[in-house]
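Chemist: Here you go, one structure.
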Amino acid sequence: MLSELLLTEIARLNQPARLPLHRQLYEALRRAILDGKIAAGERLPSSRDLTQDLQLSRNTVVAAINQLTVEGYLVSHIGSGTFVSDNVPRLAAQRQRGTPERHATLSARGLRLSSSFCASDLEIQPFTAGIADFSAFPVTLWQRLQNKHWRMTYPDMLDYSSSGGYAPLRRAVADYLRIFRSVPLDIEQVIITSGTQESLALCAQLLASHADTVWLEDPAYWGAVKAFIATGLTLHSVPVDDQGIAPQASDDAAPPRLIYVTPSHQYPTGAVMSLPRRHQILSLARQHQAWILEDDYDSEFRFSGPPISSLAGLDTDQRVIYLGSFSKVLYPGLKLGYMVVPKGLAAAFKRAHYDLNRPGQMPVQAALAEFIDMGHFASALRRARQSYAQRRASLLAALQPCLGPQAQITGAEQGLHLCLRLPDTLDDRALAQHIGKLGLTVRPLSAYCLQQTRLRGLIIGYGYAPLDEIERFGPLLARTIANALSRSSTST
Ligand SMILES: Cc1ncc(COP(=O)(O)O)c(C=O)c1O
């Protein structure tokens with residue numbers, strides 16, 4: 001019986017008595033799942049039954065189950081219960097299959113990090129979300145700039161960088177953010193990183209302690225989820241509505257140390273955070289003495305509606321860490337991003353960044369600084385905006401025939417993808433798989449959900465595919481979706 005197993009696990013784990021009960025139960029359940037003692041797909045008893053059997057409070061049981069759901073060990077289906085996820089790697093099964101010992105020696109955290117979260121196979125095909133058209137990158141010019149900086153490289157340019165990055169690049173980033181994102185800052189606050197993942201990890205490592213709570217959007221950006229799991233934070237998911245993350249009074253029961261948001265274009269629903277919601281998040285951060293991590297990815301591409309100031313631009317309390325990346329405007333393999341930290345944190349962040357990462361790549365940073373100073377970044381951005389606006393219009397037109405009360409588009413005012421919301425009775429994973437067999441890649445919205453169980457839809461990118469491919473394959477995509485919708489409405 002499960003409750004006996006759990007009581008034995010709790011005793012066997014011999015957790016320090018100081019650990020809260022929900023944490024002990026969480027650990028016992030997690031171990032039992034990883035060891036294969038509870039099978040994939042197995043239904044858990046209701047929280048009420050577990051409460052009775054384990055003689056624990058309902059809150060304790062619910063907190064443990066919620067945490068395991070957020071982390072992907074459990075999935076809950078409204079009306080039918082909570083089940084052990086099919087996606088958890090199992091130690092016991094691996095041992096039985098004779099998996100080499102080194103797999104079994106991954107830490108519990110290693111297992112969580114190496115299990116797939118988003119089930120995306122990162123294919124580059126028409127409609128893949130999150131991919132820009134980096135074929136437009138001016139390779140010859142870039143080579144010329146790189147060669148120039150390699151030729152005149154001074155020895156210190158080949159060393160690690162302890163100053164937060166190459167000064168002219170930090171200045172170029174500061175100028176850009178002041179003008180285009182209304183972020184008031186000086187160059188000392190800018191730190192060049194190897195992209196958003198590194199920035200997130202640094203924030204989690206420096207601003208939170210082990211097991212502190214991070215609020216994150218549900219559905220969420222899988223990269224952020226992994227960064228927070230890696231740093232041992234407790235994930236608290238907050239549902240997203242059409243104005244972005246939507247905290248309720250009940251969320252205050254899990255006070256955050258960090259609040260991670262994508263306000264310009266919520267990833268993946270595409271919701272643009274409204275101004276009142278931005279003020280609400282800033283005031284919640286003040287109330288909880290929390291830090292806001294503003295991931296402003298996709299902010300460069302706004303197609304309709306008035307511009308909205310970044311959270312960092314509205315912040316009067318020095319609570320926002322602003323994160324940006326060159327992955328979308330230039331190319332992802334460049335591996336360069338930046339963060340803007342409040343003045344009081346800048347020196348500590350630079351020291352820790354140096355010790356943890358030994359940052360370098362100064363000649364590449366120098367080439368990029370010159371690329372920006374010479375106006376090439378601005379013109380690449382202008383060209384990209386025009387081109388993506390056409391692709392977006394073409395995709396919207398192609399999808400028209402399948403739209404209606406059952407299928408609505410959200411998040412198309414900004415960014416490089418849109419979200420097509422579908423009825424909660426439709427299996428979006430099966431539909432995405434079916435579309436994949438046609439050579440097109442879309443992602444199921446439900447794959448990004450942490451605790452939400454009813455969200456269904458498709459995330460459709462228009463950044464990667466050239467216009468003629470969108471025109472050619474858009475109608476096929478729309479027909480396939482329309483067929484799935486009519487099959488689903490006749491079967492319900
Ligand atoms: C939500 C979000 N933030 C940030 C990034 C950029 O991340 P990086 O700078 O690590 O390439 C992406 C890339 O897809 C993203 O989807």
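By order in the structure tokens, chains are A, B, ...; within a chain, residues start at 1; ligands start at 1, following the order shown.
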Around ligand 1, out to 10 Å and counting only C-alpha atoms and all ligand atoms, which residues are there? I want them as a ChimeraX atom specification.
Modeler: /A:129-132,193-200,220-224,261-268,294-298,323-328,331-338,416
Chemist: Do you know which residues are at most 10 Å from A:Pro444 counting only C-alpha atoms, after dropping those on the same chain fewer than 3 positions away, and could you put them as a PyMOL selection string?
Modeler: chain A and resi 118-120+419-421+427-433+441+447-449+455-460
Chemist: Considering only C-alpha atoms, state which residue in the set A:Leu113, A:Ile245, A:Met273, A:Val320 is at the smallest distance from A:Leu207.
Modeler: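 The answer is A:Val320, which sits nearest to A:Leu207.
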Chemist: Would you please work out which residue, of A:Lys437, A:Arg31, A:His279, A:Arg391, is nearest to A:Ala465 when using only C-alpha atoms?
Modeler: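 Going through A:Lys437, A:Arg31, A:His279, A:Arg391 one by one, the smallest distance to A:Ala465 is for A:Arg391.
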Chemist: Restrict the calculation to only C-alpha atoms, then for each residue of stretch 133-230 of chain A with any atom at most 7 Å from an atom of stretch 351-359 of chain A give the closest atom pair and their distance in Å to one decimal, rows by chain and rising residue number, as JSON lines.
Modeler:
{"residue": "A:Tyr160", "atom": "CA", "partner": "A:Pro359", "partner_atom": "CA", "distance": 5.5}
{"residue": "A:Ser161", "atom": "CA", "partner": "A:Pro359", "partner_atom": "CA", "distance": 5.5}
{"residue": "A:Ser162", "atom": "CA", "partner": "A:Tyr354", "partner_atom": "CA", "distance": 5.5}
Chemist: Would you pick out the contacts of A:Asp86 at 12 Å or less, using only C-alpha atoms, so that residues sharing its chain but fewer than 6 positions from it are not included, and give the list as a PyMOL selection string?
Modeler: chain A and resi 33-34+36+38-43+72-75+115-117+119
